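Colleague: Structure provided below as structure tokens; questions to follow.
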Amino acid sequence: MGDPASLLSEYEELAVAWNSETNSGKANKIFDRIHALALQLRSGEEGKQGLERLLCHPVRGVRLKAAADCLAWNSSAAVTALEDLLTPRGTHSLSAEMTLREYRAGRMRFDW
């Protein structure tokens with residue numbers, strides 16, 4: 001595993017890029033890299049704390065991705081971040097809604 005601070009910096013940078021990417025192919029590649037970074041970050045306490053700090057990020061896509069990643073260990077903070085994306089309706093509101101629905105129904109997987 002790399003240095004948590006540099007992994008988190010890359011995660012944040014990519015999540016900002018993912019937030020505004022309009023090409024779905026490029027967005028999917030960015031998402032896959034963000035997910036790979038999240039897997040590394042959530043394996044240690046410093047990485048988890050870094051992801052939790054992103055729950056208040058000014059960019060909606062960063063908050064969405066961080067919240068989905070934090071559900072596994074800090075569900076209350078993650079749910080709050082997702083709920084905050086629901087209103088006002090905007091970019092990523094539907095994704096936040098669907099993430100909450102799946103989490104509350106017990107269908108979220110945290111092992112991938």
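Letters A, B, ... mark the chains of the structure tokens in the order given; residue numbers begin at 1 per chain; ligand numbers begin at 1, in order shown.
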Can you pull out every residue within 12 Å of Ala77 (chain A), counting only C-alpha atoms, but drop anything in the same chain fewer than 4 positions away, and send it as a ChimeraX atom specification?
Modeller: /A:49,51-56,63-64,66-73,81-84
Colleague: Give me the residues within 9 Å of Thr99 (chain A) as a list of chain:residue names, counting only C-alpha atoms and dropping any in the same chain fewer than 3 places off.
Modeller: A:Ala68, A:Leu82, A:Leu94, A:Ser95, A:Ala96, A:Glu102, A:Tyr103, A:Arg104, A:Met108
Colleague: Given the selection you just returned, output its residues as a file containing C-alpha atoms, formatted as a PDB file, in the first residue's frame.
Modeller:
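Dumped to part18.pdb:
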ATOM      1  CA  ALA A  68     -20.456   5.248  -0.583  1.00  0.00           C
ATOM      2  CA  LEU A  82     -25.860  10.994   1.121  1.00  0.00           C
ATOM      3  CA  LEU A  94     -30.311  10.184  -7.980  1.00  0.00           C
ATOM      4  CA  SER A  95     -27.130   8.212  -7.298  1.00  0.00           C
ATOM      5  CA  ALA A  96     -27.270   9.213  -3.627  1.00  0.00           C
ATOM      6  CA  GLU A 102     -29.691  -0.250  -1.570  1.00  0.00           C
ATOM      7  CA  TYR A 103     -27.931   0.297   1.758  1.00  0.00           C
ATOM      8  CA  ARG A 104     -31.180   0.455   3.727  1.00  0.00           C
ATOM      9  CA  MET A 108     -24.869  -3.105  -0.423  1.00  0.00           C
TER      10      MET A 108
END
Colleague: Once DSSP has gone over the backbone, tell me which residues of chain A are in alpha helix (DSSP H), as an MDAnalysis selection string.
Modeller: chainID A and resid 4:20 24:41 45:53 60:70 75:84 93:104
Colleague: Leaving out Tyr11 (chain A) and any residue of its chain fewer than 6 positions from it, which residues lie within 10 Å of it when counting only C-alpha atoms, given as a compact mmCIF listing (two decimals) with N, CA, C and O atoms, in the first residue's frame?
Modeller:
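result09.txt, freshly written:
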# COMPACT_ATOMS: atom_id res chain seq x y z
N ALA A 5 -1.60 9.60 2.62
CA ALA A 5 -1.80 11.00 2.23
C ALA A 5 -1.76 11.16 0.71
O ALA A 5 -2.59 11.86 0.14
N ALA A 17 -12.42 15.13 -10.89
CA ALA A 17 -12.47 14.93 -12.34
C ALA A 17 -13.68 14.09 -12.73
O ALA A 17 -14.38 14.40 -13.71
N ILE A 30 -12.14 6.47 -14.67
CA ILE A 30 -11.80 7.24 -13.48
C ILE A 30 -12.43 6.59 -12.25
O ILE A 30 -11.77 6.43 -11.21
N PHE A 31 -13.69 6.19 -12.35
CA PHE A 31 -14.37 5.54 -11.24
C PHE A 31 -13.63 4.28 -10.79
O PHE A 31 -13.46 4.04 -9.59
N ARG A 33 -10.48 3.60 -11.04
CA ARG A 33 -9.25 3.97 -10.33
C ARG A 33 -9.58 4.49 -8.92
O ARG A 33 -8.89 4.16 -7.96
N ILE A 34 -10.64 5.28 -8.82
CA ILE A 34 -11.06 5.78 -7.50
C ILE A 34 -11.39 4.59 -6.58
O ILE A 34 -11.00 4.57 -5.42
N HIS A 35 -12.08 3.61 -7.14
CA HIS A 35 -12.44 2.45 -6.33
C HIS A 35 -11.19 1.69 -5.87
O HIS A 35 -11.11 1.26 -4.71
N ALA A 36 -10.23 1.54 -6.75
CA ALA A 36 -8.98 0.86 -6.38
C ALA A 36 -8.27 1.61 -5.25
O ALA A 36 -7.74 0.99 -4.31
N LEU A 37 -8.28 2.92 -5.32
CA LEU A 37 -7.68 3.73 -4.26
C LEU A 37 -8.46 3.57 -2.96
O LEU A 37 -7.87 3.46 -1.88
N ALA A 38 -9.80 3.54 -3.05
CA ALA A 38 -10.63 3.39 -1.86
C ALA A 38 -10.33 2.06 -1.15
O ALA A 38 -10.27 2.01 0.08
N LEU A 41 -7.21 2.66 0.75
CA LEU A 41 -7.39 3.61 1.84
C LEU A 41 -8.18 3.02 3.01
O LEU A 41 -7.85 3.26 4.16
N LEU A 51 -10.89 9.51 4.12
CA LEU A 51 -12.13 9.40 3.35
C LEU A 51 -13.28 10.07 4.09
O LEU A 51 -14.12 10.73 3.47
N LEU A 54 -13.59 13.71 3.52
CA LEU A 54 -14.14 14.09 2.21
C LEU A 54 -15.66 14.12 2.20
O LEU A 54 -16.27 14.59 1.23
N VAL A 62 -17.43 14.20 -5.11
CA VAL A 62 -16.46 13.74 -4.11
C VAL A 62 -17.21 13.25 -2.88
O VAL A 62 -16.92 12.18 -2.34
N LYS A 65 -18.97 9.83 -3.69
CA LYS A 65 -18.05 8.68 -3.74
C LYS A 65 -17.52 8.36 -2.34
O LYS A 65 -17.48 7.20 -1.95
N ALA A 66 -17.13 9.38 -1.59
CA ALA A 66 -16.61 9.15 -0.24
C ALA A 66 -17.68 8.53 0.65
O ALA A 66 -17.40 7.61 1.44
Colleague: Between CA of Glu45 (chain A) and CA of Phe110 (chain A), what is the distance, to one decimal in Å?
Modeller: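 Going from CA of Glu45 (chain A) over to CA of Phe110 (chain A), I get 16.6 Å.
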Colleague: Excluding Val59 (chain A) and residues on its chain fewer than 6 positions from it, collect all residues at most 9 Å away from it, counting only C-alpha atoms, and give them as a CSV table (one decimal) with N, CA, C and O atoms, in the first residue's frame.
Modeller:
chain,number,residue,atom,x,y,z
A,15,ALA,N,-11.8,12.1,-8.0
A,15,ALA,CA,-13.2,12.3,-7.8
A,15,ALA,C,-13.7,13.6,-8.3
A,15,ALA,O,-14.8,13.7,-8.8
A,16,VAL,N,-12.9,14.6,-8.2
A,16,VAL,CA,-13.3,15.9,-8.7
A,16,VAL,C,-13.4,15.8,-10.3
A,16,VAL,O,-14.3,16.3,-10.9
A,19,ASN,N,-16.5,13.9,-11.2
A,19,ASN,CA,-17.7,14.7,-11.0
A,19,ASN,C,-18.1,15.4,-12.2
A,19,ASN,O,-19.3,15.6,-12.5
Colleague: Rank A:Asp111, A:His92, A:Leu86, A:Gly44 by their smallest atom-to-atom distance to Gly2 (chain A), using only C-alpha atoms, and report the top residue only.
Modeller: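 Closest residue, counting only C-alpha atoms: A:Gly44.
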